[in-house]
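Below is entry-v2.cif, holding mmCIF, C-alpha atoms.
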```cif
data_run
#
loop_
_atom_site.label_atom_id
_atom_site.label_comp_id
_atom_site.auth_asym_id
_atom_site.auth_seq_id
_atom_site.Cartn_x
_atom_site.Cartn_y
_atom_site.Cartn_z
CA MET A 1 78.22 121.64 127.77
CA LYS A 2 77.01 118.10 128.19
CA LYS A 3 73.81 116.55 126.93
CA LEU A 4 72.16 113.42 128.31
CA ILE A 5 69.88 111.19 126.29
CA ASP A 6 68.09 108.43 128.13
CA ALA A 7 66.98 105.92 125.51
CA CYS A 8 66.25 103.09 127.91
CA GLY A 9 63.12 101.15 127.11
CA LEU A 10 63.11 102.39 123.54
CA SER A 11 63.33 99.92 120.70
CA CYS A 12 65.37 100.49 117.55
CA PRO A 13 65.60 102.72 115.68
CA GLN A 14 64.32 105.15 118.38
CA PRO A 15 67.65 105.47 120.26
CA VAL A 16 69.30 106.42 116.96
CA VAL A 17 66.49 108.85 116.14
CA GLN A 18 66.93 110.58 119.53
CA THR A 19 70.69 110.76 119.04
CA MET A 20 70.22 112.25 115.59
CA LYS A 21 67.82 114.90 116.93
CA ALA A 22 70.34 115.88 119.61
CA LEU A 23 73.15 116.14 117.07
CA LYS A 24 71.02 118.40 114.90
CA GLU A 25 70.36 120.73 117.79
CA GLY A 26 74.08 120.58 118.53
CA ASP A 27 74.17 122.84 121.63
CA PHE A 28 76.74 120.71 123.42
CA ASP A 29 80.19 119.25 123.02
CA GLU A 30 79.79 116.18 125.19
CA LEU A 31 77.08 113.61 124.84
CA GLU A 32 75.97 110.72 127.01
CA ILE A 33 73.46 108.23 125.64
CA ILE A 34 72.01 105.55 127.88
CA VAL A 35 70.55 102.45 126.26
CA ASP A 36 69.49 99.11 127.67
CA ASN A 37 70.20 96.59 124.96
CA VAL A 38 73.09 95.49 122.79
CA ALA A 39 71.32 96.15 119.49
CA ALA A 40 70.73 99.78 120.51
CA ARG A 41 74.38 100.11 121.58
CA GLU A 42 75.58 98.79 118.22
CA ASN A 43 73.17 100.95 116.25
CA VAL A 44 73.92 104.15 118.17
CA SER A 45 77.69 103.53 117.99
CA ARG A 46 77.51 102.90 114.28
CA PHE A 47 75.44 106.02 113.76
CA LEU A 48 77.86 108.17 115.77
CA LYS A 49 80.82 106.90 113.75
CA LYS A 50 79.01 107.63 110.54
CA ALA A 51 78.20 111.14 111.76
CA GLU A 52 81.91 111.55 112.65
CA VAL A 53 81.26 111.94 116.35
CA GLU A 54 84.04 110.55 118.55
CA ILE A 55 83.01 107.87 121.02
CA THR A 56 85.16 108.40 124.11
CA LYS A 57 83.91 105.66 126.37
CA ILE A 58 81.29 102.90 126.63
CA GLU A 59 80.41 101.80 130.16
CA GLU A 60 78.13 98.99 131.13
CA ALA A 61 76.42 99.30 134.49
CA GLY A 62 74.03 96.46 135.12
CA LYS A 63 71.58 96.35 132.26
CA LYS A 64 72.30 99.93 131.26
CA ILE A 65 74.93 100.86 128.74
CA HIS A 66 76.32 104.41 128.81
CA ILE A 67 77.83 105.69 125.59
CA PHE A 68 79.97 108.81 125.98
CA ALA A 69 80.83 110.87 122.93
CA ARG A 70 82.38 114.18 122.02
CA THR A 71 81.48 116.29 119.05
CA VAL A 72 84.56 117.32 117.14
CA LYS A 73 82.70 119.59 114.79
CA LYS A 74 79.14 120.63 114.28
CA VAL A 75 77.14 117.99 112.49
CA GLU A 76 75.55 119.70 109.52
CA SER A 77 73.32 117.05 108.15
CA THR A 78 72.93 113.42 108.95
CA ASP A 79 71.58 111.04 106.42
CA PHE A 80 69.37 108.61 108.19
CA ASP A 81 67.70 105.49 106.92
CA ALA A 82 65.80 103.62 109.62
CA ASN A 83 66.35 100.35 107.76
CA GLU A 84 70.05 100.68 108.43
CA TYR A 85 69.45 100.43 112.17
CA PRO A 86 67.21 97.45 112.68
CA CYS A 87 66.47 95.74 115.92
CA PRO A 88 67.21 92.10 115.43
CA VAL A 89 64.13 90.17 116.47
CA PRO A 90 65.24 87.86 119.24
CA GLN A 91 64.98 84.30 117.98
CA LYS A 92 62.48 83.01 120.44
CA ASN A 93 60.53 80.09 119.16
CA GLY A 94 57.44 78.98 120.98
CA LYS A 95 55.74 75.71 121.65
CA THR A 96 56.17 72.06 120.85
CA ILE A 97 53.65 70.75 118.34
CA PHE A 98 52.84 67.05 118.38
CA ILE A 99 51.43 65.70 115.12
CA ALA A 100 50.26 62.07 115.26
CA LYS A 101 48.38 61.90 111.95
CA ASP A 102 48.91 63.18 108.41
CA ALA A 103 45.51 64.92 108.51
CA ILE A 104 43.79 67.32 110.89
CA GLY A 105 40.77 65.86 112.64
CA SER A 106 38.38 63.26 111.36
CA GLY A 107 35.38 63.37 109.06
CA SER A 108 37.10 63.59 105.71
CA GLU A 109 40.62 62.36 105.05
CA GLU A 110 40.90 64.56 101.98
CA LEU A 111 39.86 67.70 103.83
CA GLY A 112 42.01 66.71 106.82
CA GLN A 113 45.10 66.44 104.63
CA LYS A 114 44.42 69.78 102.95
CA LEU A 115 43.95 71.37 106.36
CA MET A 116 47.22 69.88 107.61
CA LYS A 117 49.09 71.18 104.59
CA ALA A 118 47.51 74.62 105.01
CA PHE A 119 48.30 74.58 108.74
CA LEU A 120 52.00 73.84 108.16
CA PHE A 121 52.13 76.58 105.51
CA THR A 122 50.56 79.03 107.95
CA LEU A 123 53.19 78.19 110.59
CA THR A 124 55.87 79.42 108.16
CA GLU A 125 54.08 82.78 108.04
CA MET A 126 53.69 83.23 111.80
CA GLU A 127 55.99 85.59 113.64
CA THR A 128 56.61 83.10 116.45
CA LYS A 129 57.58 79.75 115.05
CA PRO A 130 57.20 76.51 116.98
CA ALA A 131 60.24 75.40 119.00
CA ARG A 132 59.82 71.93 117.59
CA ILE A 133 57.37 69.72 115.74
CA MET A 134 57.27 66.01 116.52
CA PHE A 135 55.73 63.54 114.10
CA MET A 136 54.33 60.09 114.93
CA ASN A 137 52.21 57.40 113.25
CA SER A 138 50.99 58.57 109.80
CA GLY A 139 52.19 62.10 110.70
CA VAL A 140 55.69 60.99 109.66
CA LYS A 141 54.50 60.81 106.03
CA LEU A 142 54.42 64.62 106.01
CA CYS A 143 58.22 64.59 106.26
CA THR A 144 58.86 62.22 103.40
CA GLU A 145 59.59 62.46 99.71
CA GLY A 146 56.76 63.65 97.51
CA ASN A 147 54.65 65.12 100.31
CA ALA A 148 53.48 68.66 99.63
CA ALA A 149 54.33 69.69 103.21
CA VAL A 150 58.08 69.04 102.88
CA GLN A 151 58.92 72.48 101.51
CA ASN A 152 57.10 74.26 104.34
CA LEU A 153 58.79 72.05 106.93
CA LYS A 154 62.20 72.84 105.42
CA SER A 155 61.39 76.51 105.64
CA LEU A 156 60.51 76.06 109.35
CA VAL A 157 63.84 74.30 109.96
CA GLU A 158 65.58 77.34 108.45
CA SER A 159 63.70 79.51 110.96
CA GLY A 160 65.05 77.44 113.82
CA THR A 161 62.28 74.91 114.36
CA GLU A 162 63.48 71.45 115.30
CA ILE A 163 61.73 68.58 113.54
CA LEU A 164 61.70 65.17 115.20
CA VAL A 165 60.37 62.18 113.32
CA CYS A 166 59.48 58.86 114.95
CA GLY A 167 61.91 56.27 113.60
CA THR A 168 59.71 53.30 114.51
CA CYS A 169 56.84 54.85 112.52
CA LEU A 170 58.98 55.46 109.42
CA ASP A 171 60.10 51.83 109.65
CA TYR A 172 56.52 50.56 110.06
CA PHE A 173 55.41 52.33 106.88
CA GLY A 174 58.61 51.22 105.09
CA ILE A 175 59.57 54.82 104.29
CA SER A 176 62.74 55.27 106.38
CA ASP A 177 64.78 55.91 103.22
CA LYS A 178 62.28 58.52 102.02
CA LEU A 179 62.79 60.98 104.89
CA GLU A 180 63.30 64.46 103.39
CA VAL A 181 63.18 66.73 106.40
CA GLY A 182 63.77 66.37 110.14
CA ILE A 183 65.84 64.06 112.26
CA ILE A 184 64.91 60.52 113.25
CA SER A 185 63.95 60.39 116.88
CA ASN A 186 62.73 57.89 119.46
CA MET A 187 60.10 57.54 122.18
CA TYR A 188 62.46 58.75 124.95
CA ASP A 189 63.20 62.05 123.17
CA ILE A 190 59.56 62.57 122.28
CA ALA A 191 58.29 61.75 125.77
CA GLY A 192 60.96 64.02 127.22
CA HIS A 193 59.78 66.98 125.15
CA LEU A 194 56.11 66.26 125.92
CA LEU A 195 56.96 66.48 129.63
CA GLY A 196 59.40 69.37 129.14
CA ASP A 197 59.03 73.05 129.88
CA ASP A 198 57.76 74.21 126.47
CA GLY A 199 54.00 74.15 126.05
CA VAL A 200 52.72 71.28 123.93
CA VAL A 201 49.98 71.48 121.31
CA LYS A 202 48.61 68.25 119.91
CA ILE A 203 47.22 68.36 116.41
CA MET B 1 58.00 81.17 99.74
CA LYS B 2 57.15 83.66 96.99
CA ALA B 3 53.78 83.89 95.37
CA ASP B 4 52.73 86.23 92.66
CA PHE B 5 49.02 85.72 92.50
CA ILE B 6 46.23 83.83 94.18
CA ILE B 7 42.81 82.56 93.18
CA THR B 8 39.92 82.60 95.63
CA PHE B 9 36.87 80.34 95.54
CA LEU B 10 33.28 80.26 96.71
CA SER B 11 33.68 77.03 98.68
CA SER B 12 36.32 74.56 99.81
CA HIS B 13 34.87 72.02 97.38
CA HIS B 14 35.51 74.38 94.47
CA ALA B 15 39.02 75.05 95.72
CA ILE B 16 39.91 71.38 96.15
CA LYS B 17 38.37 70.50 92.79
CA ALA B 18 40.35 73.25 91.06
CA GLU B 19 43.56 72.15 92.79
CA LYS B 20 43.03 68.60 91.51
CA SER B 21 42.45 69.84 87.95
CA PHE B 22 45.55 72.01 88.06
CA MET B 23 47.64 69.17 89.48
CA THR B 24 46.42 66.85 86.72
CA GLY B 25 47.34 69.54 84.19
CA LYS B 26 50.80 69.72 85.84
CA PHE B 27 50.42 73.31 86.98
CA ALA B 28 52.59 74.41 89.89
CA VAL B 29 49.81 75.61 92.18
CA GLU B 30 49.54 75.32 95.91
CA LEU B 31 46.53 75.17 98.19
CA ILE B 32 47.04 77.64 101.05
CA PRO B 33 44.79 79.29 103.64
CA THR B 34 43.16 82.46 102.32
CA PRO B 35 45.34 85.42 103.41
CA ARG B 36 43.78 87.55 106.17
CA PRO B 37 43.49 90.80 104.18
CA ILE B 38 41.26 89.12 101.59
CA SER B 39 37.67 88.49 102.38
CA SER B 40 36.54 85.30 100.78
CA GLU B 41 33.72 82.82 101.19
CA CYS B 42 36.29 80.06 101.44
CA GLY B 43 39.27 79.45 103.70
CA PHE B 44 41.28 77.81 100.93
CA THR B 45 42.99 79.71 98.15
CA LEU B 46 45.26 78.60 95.34
CA PHE B 47 48.52 80.34 94.77
CA ALA B 48 50.97 80.21 91.92
CA LYS B 49 53.80 82.11 90.37
CA ASN B 50 53.44 85.07 88.09
CA GLU B 51 54.92 83.36 85.04
CA ILE B 52 51.89 81.15 84.61
CA VAL B 53 49.07 83.58 85.39
CA GLU B 54 47.81 83.74 81.79
CA LYS B 55 47.92 79.97 81.39
CA ILE B 56 46.05 79.60 84.65
CA LYS B 57 43.33 81.97 83.50
CA ASP B 58 42.96 80.07 80.22
CA PHE B 59 42.81 76.77 82.08
CA LEU B 60 40.10 78.06 84.44
CA LYS B 61 37.97 79.03 81.44
CA GLN B 62 38.72 75.92 79.44
CA LYS B 63 37.83 73.56 82.29
CA LYS B 64 34.91 75.78 83.35
CA LEU B 65 36.25 75.91 86.89
CA SER B 66 34.34 78.35 89.03
CA PHE B 67 36.35 80.78 91.10
CA ALA B 68 35.64 83.96 93.06
CA GLY B 69 38.57 86.19 92.21
CA ILE B 70 42.19 86.48 91.13
CA TYR B 71 44.51 88.71 93.13
CA LYS B 72 47.97 89.93 92.34
CA ILE B 73 50.42 89.96 95.22
CA GLU B 74 52.89 92.82 95.43
CA TYR B 75 55.85 92.66 97.76
CA SER B 76 57.19 95.79 99.38
CA ASN B 77 59.36 96.11 102.49
CA GLY B 78 58.59 92.59 103.56
CA GLU B 79 54.85 93.19 103.38
CA LYS B 80 52.33 91.80 100.95
CA ARG B 81 49.71 93.86 99.17
CA TYR B 82 46.83 92.25 97.36
CA GLU B 83 45.20 93.75 94.29
CA LYS B 84 42.13 92.20 92.67
CA ILE B 85 42.76 91.74 88.96
CA ASP B 86 39.88 89.49 87.92
#
```

Would you put the structure from the file into structure tokens?
Amino acid sequence: MKKLIDACGLSCPQPVVQTMKALKEGDFDELEIIVDNVAARENVSRFLKKAEVEITKIEEAGKKIHIFARTVKKVESTDFDANEYPCPVPQKNGKTIFIAKDAIGSGSEELGQKLMKAFLFTLTEMETKPARIMFMNSGVKLCTEGNAAVQNLKSLVESGTEILVCGTCLDYFGISDKLEVGIISNMYDIAGHLLGDDGVVKI
Amino acid sequence: MKADFIITFLSSHHAIKAEKSFMTGKFAVELIPTPRPISSECGFTLFAKNEIVEKIKDFLKQKKLSFAGIYKIEYSNGEKRYEKID
């Protein structure tokens, strides 16, 4: 007897959970699982191997992936830890942020600088990180030695955010040799990104 | 970044003043936005590592710095839980 599991549209670890349920019921000797993403294919395949179920064929038809398997013996118990079958979060970073000052807003420089520092910290905690941050005028100081924001900016770079720092501005302030994070950029690059496809937020 | 406890304040002036005092006293504290799960009068919060929590408490008393609360941060499964300890 053959059993069909349609796990399309389900995010991990649901395809694995459905497969596990079917194996527990076990009233079949052939199994076909349909998934619609690579992570689900990997997770289901890995789970089947662990449960000692033989994968006979994997077919890709358009966006759908059909996994065919055959049960060699009845699966008695299957240890299952959802953390073992994660769905990798697609690395999709969002907008371009343009920072042209080392403080947010005007009124109080001290408050503005604290707000800027807190803002950059908060970006590190957001699920969607900026695609890039571009620094100009006194904003470049945030990327240089001794600034409290450097650590947070480094953390953003690790998450895939690109940091572009205006070279002319670093030179004007005489701090080109103090750059700690980001790459030196120019007006053409910066203008290009401002006019590019990613949304731009000016701080 | 890992934090082990945070201190909340009644106003941003108190928070900024406390940060200055701690910096002068060479304490490794950081001014961050108050985490969402905590209700506080002020949007700024100080955070620091667990190793110095007792020293921080002593310093707050010694310098008569006013604060609203101290919370311990517990990490589990990538989530943060906040527990008021003072």

Check: Exactly which residues make up the result of the PyMOL selection byres ((chain A and resi 42-49) around 8) on this file, given as a count of residues only?
Finding: 18

Enumerate, as a PDB file with C-alpha atoms, in the frame of the given file, the residues matched when the PyMOL selection byres ((chain A and resi 184) around 10) is run on the file above.
```pdb
ATOM      1  CA  MET A 134      57.270  66.010 116.520  1.00  0.00           C
ATOM      2  CA  PHE A 135      55.730  63.540 114.100  1.00  0.00           C
ATOM      3  CA  VAL A 140      55.690  60.990 109.660  1.00  0.00           C
ATOM      4  CA  ILE A 163      61.730  68.580 113.540  1.00  0.00           C
ATOM      5  CA  LEU A 164      61.700  65.170 115.200  1.00  0.00           C
ATOM      6  CA  VAL A 165      60.370  62.180 113.320  1.00  0.00           C
ATOM      7  CA  CYS A 166      59.480  58.860 114.950  1.00  0.00           C
ATOM      8  CA  GLY A 167      61.910  56.270 113.600  1.00  0.00           C
ATOM      9  CA  THR A 168      59.710  53.300 114.510  1.00  0.00           C
ATOM     10  CA  CYS A 169      56.840  54.850 112.520  1.00  0.00           C
ATOM     11  CA  LEU A 170      58.980  55.460 109.420  1.00  0.00           C
ATOM     12  CA  SER A 176      62.740  55.270 106.380  1.00  0.00           C
ATOM     13  CA  LEU A 179      62.790  60.980 104.890  1.00  0.00           C
ATOM     14  CA  VAL A 181      63.180  66.730 106.400  1.00  0.00           C
ATOM     15  CA  GLY A 182      63.770  66.370 110.140  1.00  0.00           C
ATOM     16  CA  ILE A 183      65.840  64.060 112.260  1.00  0.00           C
ATOM     17  CA  SER A 185      63.950  60.390 116.880  1.00  0.00           C
ATOM     18  CA  ASN A 186      62.730  57.890 119.460  1.00  0.00           C
TER      19      ASN A 186
END
```

Checklist line | Target residues per the PyMOL selection byres ((chain A) within 12 of (chain B)), formatted as a VMD selection string | finding: chain A and resid 83 110 to 125 148 to 149 151 to 156

Check: What does the distance from CA of Ile52 (chain B) to CA of Pro37 (chain B) come to in Å, to one decimal?
Finding: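 If I compute the distance from CA of Ile52 (chain B) to CA of Pro37 (chain B), I get 23.4 Å.
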
Next item on the list: Figure out the distance between CA of Ser21 (chain B) and CA of Tyr71 (chain B), please, to one decimal in Å.
Entry: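 So the two atoms, CA of Tyr71 (chain B) and CA of Ser21 (chain B), lie 19.7 Å apart.
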
Next item on the list: Determine the nearest neighbour of Met23 (chain B) from the options B:Ile38, B:Ala48, B:Ile85, B:Val53, counting only C-alpha atoms.
Entry: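 Closest to Met23 (chain B), using only C-alpha atoms: B:Ala48.
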
Notebook entry, point to check: How many Å separate CA of Gly139 (chain A) from CA of Phe173 (chain A)?
Noted result: 11.0 Å

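With distances restricted to all atoms listed in the file, A:Ala69 is the closest residue to Leu23 (chain A) from A:Ile99, A:Cys143, A:Ala69, A:Leu195.
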
Check: Quick one: residues within 8 Å of Ser138 (chain A), all atoms listed in the file counted, chain neighbours fewer than 4 positions away excluded, as a PyMOL selection string?
Finding: chain A and resi 100-102+142+169

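Each of B:Lys57, B:Arg81, B:Lys72, B:Arg36 was checked against Phe22 (chain B) using all atoms listed in the file; the smallest atom-to-atom distance is that of B:Lys57.
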
Next item on the list: Considering only C-alpha atoms, state which residue in the set B:Phe67, B:Gln62, B:Ile73, B:Lys26 is at the smallest distance from Asn50 (chain B).
Entry: B:Ile73

Notebook entry, point to check: Looking at only C-alpha atoms, which of A:Lys141, A:Glu59, A:Ile34, A:Asn93 is the one that sits closest to Glu127 (chain A)?
Noted result: A:Asn93
